[in-house]
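This is run.cif. It holds mmCIF, N, CA and C atoms.
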```cif
data_protein
#
loop_
_atom_site.label_atom_id
_atom_site.label_comp_id
_atom_site.auth_asym_id
_atom_site.auth_seq_id
_atom_site.Cartn_x
_atom_site.Cartn_y
_atom_site.Cartn_z
N MET A 1 1.78 -13.16 -17.10
CA MET A 1 3.00 -12.50 -16.67
C MET A 1 3.33 -12.97 -15.25
N ILE A 2 4.56 -13.25 -14.99
CA ILE A 2 4.93 -13.71 -13.66
C ILE A 2 5.20 -12.51 -12.74
N LEU A 3 5.11 -12.76 -11.46
CA LEU A 3 5.25 -11.69 -10.47
C LEU A 3 6.57 -10.94 -10.62
N ARG A 4 7.63 -11.64 -10.89
CA ARG A 4 8.94 -11.01 -11.03
C ARG A 4 8.91 -9.94 -12.14
N GLU A 5 8.26 -10.25 -13.26
CA GLU A 5 8.16 -9.30 -14.37
C GLU A 5 7.28 -8.11 -14.01
N VAL A 6 6.21 -8.37 -13.28
CA VAL A 6 5.32 -7.28 -12.85
C VAL A 6 6.06 -6.32 -11.94
N LEU A 7 6.79 -6.84 -10.97
CA LEU A 7 7.51 -6.00 -10.02
C LEU A 7 8.64 -5.21 -10.69
N TRP A 8 9.27 -5.82 -11.68
CA TRP A 8 10.45 -5.19 -12.30
C TRP A 8 10.07 -4.24 -13.43
N ASN A 9 8.83 -4.22 -13.88
CA ASN A 9 8.41 -3.38 -14.98
C ASN A 9 8.40 -1.91 -14.55
N PRO A 10 9.24 -1.05 -15.16
CA PRO A 10 9.29 0.35 -14.76
C PRO A 10 8.02 1.13 -15.09
N GLY A 11 7.15 0.56 -15.90
CA GLY A 11 5.88 1.20 -16.22
C GLY A 11 4.82 1.00 -15.15
N HIS A 12 5.10 0.15 -14.17
CA HIS A 12 4.14 -0.11 -13.09
C HIS A 12 4.47 0.75 -11.88
N THR A 13 3.46 1.33 -11.29
CA THR A 13 3.62 2.11 -10.06
C THR A 13 2.89 1.39 -8.95
N PHE A 14 3.61 1.11 -7.88
CA PHE A 14 3.02 0.47 -6.71
C PHE A 14 2.86 1.53 -5.63
N ALA A 15 1.68 1.59 -5.06
CA ALA A 15 1.39 2.59 -4.04
C ALA A 15 0.74 1.91 -2.85
N GLY A 16 0.99 2.44 -1.69
CA GLY A 16 0.41 1.89 -0.47
C GLY A 16 0.62 2.86 0.68
N PHE A 17 0.49 2.34 1.87
CA PHE A 17 0.62 3.14 3.09
C PHE A 17 1.73 2.54 3.95
N TRP A 18 2.55 3.39 4.52
CA TRP A 18 3.59 2.93 5.44
C TRP A 18 4.40 1.79 4.81
N ASN A 19 4.80 1.95 3.56
CA ASN A 19 5.42 0.86 2.81
C ASN A 19 6.90 1.09 2.53
N HIS A 20 7.56 1.87 3.36
CA HIS A 20 8.96 2.22 3.14
C HIS A 20 9.89 1.01 3.09
N SER A 21 9.51 -0.09 3.70
CA SER A 21 10.41 -1.25 3.72
C SER A 21 9.92 -2.40 2.84
N ASP A 22 8.88 -2.19 2.06
CA ASP A 22 8.32 -3.28 1.24
C ASP A 22 9.33 -3.85 0.26
N SER A 23 10.07 -3.00 -0.44
CA SER A 23 11.01 -3.53 -1.44
C SER A 23 12.13 -4.32 -0.76
N GLN A 24 12.57 -3.89 0.42
CA GLN A 24 13.60 -4.65 1.15
C GLN A 24 13.07 -6.00 1.61
N LYS A 25 11.81 -6.02 2.04
CA LYS A 25 11.20 -7.28 2.46
C LYS A 25 11.09 -8.25 1.29
N LEU A 26 10.74 -7.74 0.11
CA LEU A 26 10.65 -8.60 -1.06
C LEU A 26 12.03 -9.16 -1.44
N GLU A 27 13.05 -8.33 -1.33
CA GLU A 27 14.40 -8.79 -1.65
C GLU A 27 14.91 -9.80 -0.63
N ALA A 28 14.47 -9.66 0.62
CA ALA A 28 14.93 -10.56 1.68
C ALA A 28 14.17 -11.88 1.73
N CYS A 29 13.06 -11.98 1.01
CA CYS A 29 12.28 -13.21 1.07
C CYS A 29 13.01 -14.33 0.32
N GLU A 30 12.57 -15.54 0.52
CA GLU A 30 13.25 -16.70 -0.07
C GLU A 30 13.26 -16.67 -1.59
N HIS A 31 12.36 -15.94 -2.21
CA HIS A 31 12.27 -15.88 -3.68
C HIS A 31 13.08 -14.73 -4.27
N TYR A 32 13.58 -13.85 -3.42
CA TYR A 32 14.35 -12.67 -3.82
C TYR A 32 13.70 -11.92 -4.98
N PHE A 33 12.65 -11.18 -4.67
CA PHE A 33 11.97 -10.35 -5.65
C PHE A 33 12.55 -8.94 -5.62
N GLU A 34 12.75 -8.35 -6.78
CA GLU A 34 13.23 -6.98 -6.87
C GLU A 34 12.16 -6.13 -7.55
N MET A 35 12.12 -4.86 -7.13
CA MET A 35 11.20 -3.91 -7.75
C MET A 35 12.04 -2.92 -8.56
N SER A 36 11.51 -2.45 -9.68
CA SER A 36 12.24 -1.49 -10.51
C SER A 36 12.37 -0.14 -9.81
N LYS A 37 11.41 0.18 -8.95
CA LYS A 37 11.45 1.42 -8.18
C LYS A 37 10.72 1.19 -6.87
N ASN A 38 11.03 1.99 -5.88
CA ASN A 38 10.38 1.85 -4.58
C ASN A 38 8.90 2.20 -4.69
N PRO A 39 8.07 1.55 -3.88
CA PRO A 39 6.65 1.88 -3.91
C PRO A 39 6.40 3.29 -3.36
N LEU A 40 5.36 3.90 -3.85
CA LEU A 40 4.98 5.25 -3.44
C LEU A 40 4.20 5.17 -2.13
N ASP A 41 4.63 5.94 -1.14
CA ASP A 41 3.91 5.99 0.13
C ASP A 41 2.85 7.07 0.04
N LEU A 42 1.60 6.66 -0.02
CA LEU A 42 0.50 7.59 -0.23
C LEU A 42 0.33 8.60 0.91
N ARG A 43 0.86 8.30 2.08
CA ARG A 43 0.76 9.27 3.18
C ARG A 43 1.43 10.59 2.79
N LEU A 44 2.43 10.50 1.94
CA LEU A 44 3.20 11.69 1.56
C LEU A 44 2.64 12.41 0.34
N HIS A 45 1.67 11.81 -0.33
CA HIS A 45 1.15 12.38 -1.57
C HIS A 45 -0.37 12.51 -1.62
N ALA A 46 -1.07 11.88 -0.71
CA ALA A 46 -2.54 11.92 -0.73
C ALA A 46 -3.03 13.35 -0.53
N VAL A 47 -4.12 13.66 -1.19
CA VAL A 47 -4.67 15.00 -1.15
C VAL A 47 -6.05 14.96 -0.52
N THR A 48 -6.25 15.85 0.46
CA THR A 48 -7.56 15.96 1.10
C THR A 48 -8.32 17.12 0.45
N ASP A 49 -9.56 17.29 0.86
CA ASP A 49 -10.39 18.36 0.29
C ASP A 49 -9.81 19.75 0.54
N ASP A 50 -9.14 19.94 1.69
CA ASP A 50 -8.62 21.28 1.99
C ASP A 50 -7.18 21.47 1.48
N TYR A 51 -6.56 20.45 0.93
CA TYR A 51 -5.25 20.50 0.30
C TYR A 51 -4.10 20.92 1.21
N ASP A 52 -4.37 21.28 2.46
CA ASP A 52 -3.31 21.73 3.35
C ASP A 52 -2.97 20.72 4.44
N GLU A 53 -3.69 19.66 4.51
CA GLU A 53 -3.53 18.72 5.61
C GLU A 53 -2.35 17.78 5.37
N ASP A 54 -1.49 17.66 6.36
CA ASP A 54 -0.34 16.76 6.28
C ASP A 54 -0.78 15.40 6.81
N LEU A 55 -0.69 14.37 5.98
CA LEU A 55 -1.13 13.03 6.37
C LEU A 55 0.04 12.08 6.63
N ALA A 56 1.25 12.61 6.73
CA ALA A 56 2.44 11.77 6.87
C ALA A 56 2.39 10.86 8.09
N CYS A 57 1.76 11.29 9.15
CA CYS A 57 1.68 10.48 10.37
C CYS A 57 0.29 9.91 10.60
N ALA A 58 -0.58 10.05 9.63
CA ALA A 58 -1.96 9.60 9.79
C ALA A 58 -2.08 8.09 9.65
N SER A 59 -3.10 7.55 10.27
CA SER A 59 -3.40 6.12 10.13
C SER A 59 -4.08 5.89 8.79
N VAL A 60 -4.08 4.64 8.36
CA VAL A 60 -4.74 4.31 7.10
C VAL A 60 -6.23 4.65 7.16
N PRO A 61 -6.96 4.28 8.23
CA PRO A 61 -8.39 4.67 8.26
C PRO A 61 -8.60 6.18 8.18
N GLU A 62 -7.71 6.95 8.79
CA GLU A 62 -7.83 8.41 8.74
C GLU A 62 -7.58 8.93 7.32
N ILE A 63 -6.57 8.40 6.65
CA ILE A 63 -6.27 8.81 5.28
C ILE A 63 -7.44 8.45 4.36
N VAL A 64 -7.95 7.24 4.51
CA VAL A 64 -9.05 6.78 3.65
C VAL A 64 -10.29 7.66 3.86
N GLU A 65 -10.60 7.96 5.11
CA GLU A 65 -11.77 8.80 5.38
C GLU A 65 -11.60 10.20 4.80
N LYS A 66 -10.40 10.78 4.94
CA LYS A 66 -10.19 12.14 4.48
C LYS A 66 -10.05 12.24 2.96
N CYS A 67 -9.56 11.19 2.34
CA CYS A 67 -9.34 11.24 0.89
C CYS A 67 -10.47 10.62 0.08
N LEU A 68 -11.15 9.64 0.64
CA LEU A 68 -12.19 8.93 -0.09
C LEU A 68 -13.58 9.08 0.51
N GLY A 69 -13.64 9.50 1.77
CA GLY A 69 -14.92 9.63 2.45
C GLY A 69 -15.47 8.32 2.97
N TYR A 70 -14.65 7.27 2.99
CA TYR A 70 -15.07 5.96 3.49
C TYR A 70 -14.57 5.76 4.91
N GLU A 71 -15.37 5.07 5.70
CA GLU A 71 -14.91 4.64 7.01
C GLU A 71 -14.49 3.18 6.90
N VAL A 72 -13.24 2.90 7.22
CA VAL A 72 -12.75 1.53 7.21
C VAL A 72 -12.24 1.19 8.61
N GLU A 73 -12.39 -0.06 8.95
CA GLU A 73 -11.91 -0.53 10.25
C GLU A 73 -10.68 -1.39 10.02
N GLN A 74 -9.59 -1.01 10.66
CA GLN A 74 -8.39 -1.83 10.61
C GLN A 74 -7.95 -2.03 12.06
N ARG A 75 -8.36 -3.17 12.58
CA ARG A 75 -8.10 -3.47 13.99
C ARG A 75 -6.62 -3.73 14.23
N SER A 76 -6.11 -3.16 15.31
CA SER A 76 -4.68 -3.30 15.61
C SER A 76 -4.28 -4.75 15.87
N GLU A 77 -5.20 -5.56 16.40
CA GLU A 77 -4.83 -6.96 16.63
C GLU A 77 -4.59 -7.70 15.32
N ILE A 78 -5.18 -7.22 14.24
CA ILE A 78 -4.92 -7.81 12.92
C ILE A 78 -3.63 -7.23 12.34
N SER A 79 -3.48 -5.92 12.40
CA SER A 79 -2.28 -5.31 11.83
C SER A 79 -1.01 -5.76 12.55
N MET A 80 -1.11 -6.07 13.82
CA MET A 80 0.05 -6.48 14.62
C MET A 80 0.18 -8.00 14.71
N SER A 81 -0.65 -8.73 14.01
CA SER A 81 -0.59 -10.19 14.05
C SER A 81 0.59 -10.70 13.22
N ASN A 82 0.81 -11.99 13.23
CA ASN A 82 1.94 -12.59 12.53
C ASN A 82 1.66 -12.71 11.03
N TRP A 83 2.27 -11.84 10.26
CA TRP A 83 2.08 -11.82 8.81
C TRP A 83 3.10 -12.69 8.09
N SER A 84 3.99 -13.32 8.81
CA SER A 84 5.01 -14.16 8.17
C SER A 84 4.61 -15.63 8.14
N LYS A 85 3.42 -15.94 8.67
CA LYS A 85 2.94 -17.32 8.60
C LYS A 85 2.69 -17.71 7.16
N GLU A 86 2.82 -19.00 6.88
CA GLU A 86 2.60 -19.47 5.52
C GLU A 86 1.16 -19.26 5.08
N ARG A 87 0.21 -19.43 5.99
CA ARG A 87 -1.20 -19.24 5.66
C ARG A 87 -1.76 -18.12 6.53
N LEU A 88 -2.23 -17.06 5.87
CA LEU A 88 -2.82 -15.94 6.60
C LEU A 88 -4.24 -16.28 7.03
N SER A 89 -4.68 -15.64 8.10
CA SER A 89 -6.06 -15.83 8.56
C SER A 89 -7.00 -15.09 7.61
N ASP A 90 -8.28 -15.42 7.68
CA ASP A 90 -9.28 -14.72 6.88
C ASP A 90 -9.28 -13.23 7.20
N ASP A 91 -9.14 -12.88 8.47
CA ASP A 91 -9.11 -11.47 8.88
C ASP A 91 -7.92 -10.75 8.26
N GLN A 92 -6.77 -11.41 8.20
CA GLN A 92 -5.58 -10.80 7.59
C GLN A 92 -5.79 -10.57 6.10
N VAL A 93 -6.41 -11.53 5.43
CA VAL A 93 -6.66 -11.39 3.99
C VAL A 93 -7.61 -10.23 3.73
N VAL A 94 -8.67 -10.13 4.52
CA VAL A 94 -9.62 -9.02 4.36
C VAL A 94 -8.91 -7.69 4.63
N TYR A 95 -8.12 -7.62 5.67
CA TYR A 95 -7.36 -6.42 6.02
C TYR A 95 -6.50 -5.99 4.84
N ALA A 96 -5.75 -6.94 4.29
CA ALA A 96 -4.85 -6.64 3.17
C ALA A 96 -5.63 -6.20 1.93
N CYS A 97 -6.76 -6.82 1.67
CA CYS A 97 -7.58 -6.46 0.50
C CYS A 97 -8.14 -5.05 0.63
N VAL A 98 -8.65 -4.72 1.80
CA VAL A 98 -9.19 -3.37 2.03
C VAL A 98 -8.07 -2.34 1.88
N ASP A 99 -6.91 -2.62 2.47
CA ASP A 99 -5.77 -1.72 2.39
C ASP A 99 -5.36 -1.51 0.92
N ALA A 100 -5.24 -2.60 0.18
CA ALA A 100 -4.81 -2.52 -1.22
C ALA A 100 -5.84 -1.80 -2.09
N HIS A 101 -7.11 -2.08 -1.87
CA HIS A 101 -8.14 -1.43 -2.68
C HIS A 101 -8.18 0.07 -2.41
N CYS A 102 -8.09 0.46 -1.16
CA CYS A 102 -8.10 1.89 -0.82
C CYS A 102 -6.85 2.58 -1.39
N ALA A 103 -5.71 1.89 -1.33
CA ALA A 103 -4.48 2.45 -1.91
C ALA A 103 -4.64 2.64 -3.41
N PHE A 104 -5.24 1.65 -4.07
CA PHE A 104 -5.49 1.77 -5.51
C PHE A 104 -6.36 3.00 -5.80
N LEU A 105 -7.46 3.16 -5.06
CA LEU A 105 -8.37 4.27 -5.32
C LEU A 105 -7.69 5.63 -5.11
N ILE A 106 -6.94 5.75 -4.02
CA ILE A 106 -6.25 7.02 -3.76
C ILE A 106 -5.16 7.24 -4.80
N GLY A 107 -4.41 6.19 -5.12
CA GLY A 107 -3.36 6.31 -6.13
C GLY A 107 -3.93 6.72 -7.48
N ARG A 108 -5.07 6.16 -7.84
CA ARG A 108 -5.72 6.54 -9.10
C ARG A 108 -6.17 8.00 -9.05
N ASN A 109 -6.74 8.42 -7.91
CA ASN A 109 -7.24 9.79 -7.79
C ASN A 109 -6.13 10.83 -7.89
N ILE A 110 -4.96 10.50 -7.36
CA ILE A 110 -3.86 11.47 -7.41
C ILE A 110 -2.95 11.25 -8.61
N ARG A 111 -3.29 10.27 -9.46
CA ARG A 111 -2.49 9.94 -10.64
C ARG A 111 -1.05 9.61 -10.22
N ALA A 112 -0.93 8.65 -9.34
CA ALA A 112 0.35 8.27 -8.74
C ALA A 112 1.41 7.95 -9.78
N TRP A 113 1.04 7.42 -10.90
CA TRP A 113 2.01 7.05 -11.94
C TRP A 113 2.73 8.27 -12.50
N GLU A 114 2.19 9.47 -12.29
CA GLU A 114 2.84 10.69 -12.77
C GLU A 114 3.80 11.28 -11.74
N ILE A 115 3.81 10.76 -10.52
CA ILE A 115 4.63 11.33 -9.46
C ILE A 115 6.09 10.94 -9.62
N PHE A 116 6.36 9.72 -10.06
CA PHE A 116 7.76 9.29 -10.22
C PHE A 116 8.38 9.92 -11.44
#
```

Please rewrite the model in this file as structure tokens.
Amino acid sequence: MILREVLWNPGHTFAGFWNHSDSQKLEACEHYFEMSKNPLDLRLHAVTDDYDEDLACASVPEIVEKCLGYEVEQRSEISMSNWSKERLSDDQVVYACVDAHCAFLIGRNIRAWEIF
């Protein structure tokens, strides 16, 4: 399946953190990718053990620790680095993989596909 079909499939739910502009970025790229629906921002839906905590302004490491019990390091020099380069650094790839994996785990735990 090609990426365009994956993004456009209404049966797929994409979840992440601080991703309010992801669909616009995909549409603005040279390949013009469209998503069938906007990605779910887990900051607004993640559930902690006490169920009362608002995570809307929390950092990704804070959300991951409170929702999954994992400590992750996301250095600001990596998050603020140039992500528009054609070739990402190894640190950027690791950062993105950790972010995506944690988003997947939290999305699975909250059954994100049922939220839309």

Where does the PyMOL selection byres (((chain A and resi 28-45 and name CA) around 10) and name CA) land in this file, that is, which residues does it pick, as number ranges by chain? A: 3-27, 46-48, 54-60, 63, 103-104, 106-107, 110, 112-113, 115-116

Okay, now the selection with N, CA and C atoms, as a compact mmCIF listing (two decimals), in the coordinates of the input?
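Saved as selection_3.txt:
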```
# COMPACT_ATOMS: atom_id res chain seq x y z
N LEU A 3 5.11 -12.76 -11.46
CA LEU A 3 5.25 -11.69 -10.47
C LEU A 3 6.57 -10.94 -10.62
N ARG A 4 7.63 -11.64 -10.89
CA ARG A 4 8.94 -11.01 -11.03
C ARG A 4 8.91 -9.94 -12.14
N GLU A 5 8.26 -10.25 -13.26
CA GLU A 5 8.16 -9.30 -14.37
C GLU A 5 7.28 -8.11 -14.01
N VAL A 6 6.21 -8.37 -13.28
CA VAL A 6 5.32 -7.28 -12.85
C VAL A 6 6.06 -6.32 -11.94
N LEU A 7 6.79 -6.84 -10.97
CA LEU A 7 7.51 -6.00 -10.02
C LEU A 7 8.64 -5.21 -10.69
N TRP A 8 9.27 -5.82 -11.68
CA TRP A 8 10.45 -5.19 -12.30
C TRP A 8 10.07 -4.24 -13.43
N ASN A 9 8.83 -4.22 -13.88
CA ASN A 9 8.41 -3.38 -14.98
C ASN A 9 8.40 -1.91 -14.55
N PRO A 10 9.24 -1.05 -15.16
CA PRO A 10 9.29 0.35 -14.76
C PRO A 10 8.02 1.13 -15.09
N GLY A 11 7.15 0.56 -15.90
CA GLY A 11 5.88 1.20 -16.22
C GLY A 11 4.82 1.00 -15.15
N HIS A 12 5.10 0.15 -14.17
CA HIS A 12 4.14 -0.11 -13.09
C HIS A 12 4.47 0.75 -11.88
N THR A 13 3.46 1.33 -11.29
CA THR A 13 3.62 2.11 -10.06
C THR A 13 2.89 1.39 -8.95
N PHE A 14 3.61 1.11 -7.88
CA PHE A 14 3.02 0.47 -6.71
C PHE A 14 2.86 1.53 -5.63
N ALA A 15 1.68 1.59 -5.06
CA ALA A 15 1.39 2.59 -4.04
C ALA A 15 0.74 1.91 -2.85
N GLY A 16 0.99 2.44 -1.69
CA GLY A 16 0.41 1.89 -0.47
C GLY A 16 0.62 2.86 0.68
N PHE A 17 0.49 2.34 1.87
CA PHE A 17 0.62 3.14 3.09
C PHE A 17 1.73 2.54 3.95
N TRP A 18 2.55 3.39 4.52
CA TRP A 18 3.59 2.93 5.44
C TRP A 18 4.40 1.79 4.81
N ASN A 19 4.80 1.95 3.56
CA ASN A 19 5.42 0.86 2.81
C ASN A 19 6.90 1.09 2.53
N HIS A 20 7.56 1.87 3.36
CA HIS A 20 8.96 2.22 3.14
C HIS A 20 9.89 1.01 3.09
N SER A 21 9.51 -0.09 3.70
CA SER A 21 10.41 -1.25 3.72
C SER A 21 9.92 -2.40 2.84
N ASP A 22 8.88 -2.19 2.06
CA ASP A 22 8.32 -3.28 1.24
C ASP A 22 9.33 -3.85 0.26
N SER A 23 10.07 -3.00 -0.44
CA SER A 23 11.01 -3.53 -1.44
C SER A 23 12.13 -4.32 -0.76
N GLN A 24 12.57 -3.89 0.42
CA GLN A 24 13.60 -4.65 1.15
C GLN A 24 13.07 -6.00 1.61
N LYS A 25 11.81 -6.02 2.04
CA LYS A 25 11.20 -7.28 2.46
C LYS A 25 11.09 -8.25 1.29
N LEU A 26 10.74 -7.74 0.11
CA LEU A 26 10.65 -8.60 -1.06
C LEU A 26 12.03 -9.16 -1.44
N GLU A 27 13.05 -8.33 -1.33
CA GLU A 27 14.40 -8.79 -1.65
C GLU A 27 14.91 -9.80 -0.63
N ALA A 46 -1.07 11.88 -0.71
CA ALA A 46 -2.54 11.92 -0.73
C ALA A 46 -3.03 13.35 -0.53
N VAL A 47 -4.12 13.66 -1.19
CA VAL A 47 -4.67 15.00 -1.15
C VAL A 47 -6.05 14.96 -0.52
N THR A 48 -6.25 15.85 0.46
CA THR A 48 -7.56 15.96 1.10
C THR A 48 -8.32 17.12 0.45
N ASP A 54 -1.49 17.66 6.36
CA ASP A 54 -0.34 16.76 6.28
C ASP A 54 -0.78 15.40 6.81
N LEU A 55 -0.69 14.37 5.98
CA LEU A 55 -1.13 13.03 6.37
C LEU A 55 0.04 12.08 6.63
N ALA A 56 1.25 12.61 6.73
CA ALA A 56 2.44 11.77 6.87
C ALA A 56 2.39 10.86 8.09
N CYS A 57 1.76 11.29 9.15
CA CYS A 57 1.68 10.48 10.37
C CYS A 57 0.29 9.91 10.60
N ALA A 58 -0.58 10.05 9.63
CA ALA A 58 -1.96 9.60 9.79
C ALA A 58 -2.08 8.09 9.65
N SER A 59 -3.10 7.55 10.27
CA SER A 59 -3.40 6.12 10.13
C SER A 59 -4.08 5.89 8.79
N VAL A 60 -4.08 4.64 8.36
CA VAL A 60 -4.74 4.31 7.10
C VAL A 60 -6.23 4.65 7.16
N ILE A 63 -6.57 8.40 6.65
CA ILE A 63 -6.27 8.81 5.28
C ILE A 63 -7.44 8.45 4.36
N ALA A 103 -5.71 1.89 -1.33
CA ALA A 103 -4.48 2.45 -1.91
C ALA A 103 -4.64 2.64 -3.41
N PHE A 104 -5.24 1.65 -4.07
CA PHE A 104 -5.49 1.77 -5.51
C PHE A 104 -6.36 3.00 -5.80
N ILE A 106 -6.94 5.75 -4.02
CA ILE A 106 -6.25 7.02 -3.76
C ILE A 106 -5.16 7.24 -4.80
N GLY A 107 -4.41 6.19 -5.12
CA GLY A 107 -3.36 6.31 -6.13
C GLY A 107 -3.93 6.72 -7.48
N ILE A 110 -4.96 10.50 -7.36
CA ILE A 110 -3.86 11.47 -7.41
C ILE A 110 -2.95 11.25 -8.61
N ALA A 112 -0.93 8.65 -9.34
CA ALA A 112 0.35 8.27 -8.74
C ALA A 112 1.41 7.95 -9.78
N TRP A 113 1.04 7.42 -10.90
CA TRP A 113 2.01 7.05 -11.94
C TRP A 113 2.73 8.27 -12.50
N ILE A 115 3.81 10.76 -10.52
CA ILE A 115 4.63 11.33 -9.46
C ILE A 115 6.09 10.94 -9.62
N PHE A 116 6.36 9.72 -10.06
CA PHE A 116 7.76 9.29 -10.22
C PHE A 116 8.38 9.92 -11.44
```

Could you give me, as a ChimeraX atom specification, each residue of chain A that DSSP assigns to alpha helix (DSSP H) when run on this structure's backbone? /A:3-8,22-28,60-68,76-79,90-109

Measure the distance from atom CA of Ser81 of chain A to atom CA of Val94 of chain A in Å and round it to one decimal.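 Atom CA of Ser81 of chain A sits 13.3 Å away from atom CA of Val94 of chain A.
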
Have a look at atom CA of Tyr95 of chain A and atom CA of Ser79 of chain A and let me know their distance in Å, one decimal.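 Between atom CA of Tyr95 of chain A and atom CA of Ser79 of chain A the gap is 7.8 Å.
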
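Note that atom CA of Ile78 of chain A and atom N of Gln92 of chain A are 6.2 Å apart.
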
Determine which residues of chain A receive a DSSP assignment of strand (DSSP E), computed from the backbone, and state them as a ChimeraX atom specification. /A:15-16,40-41
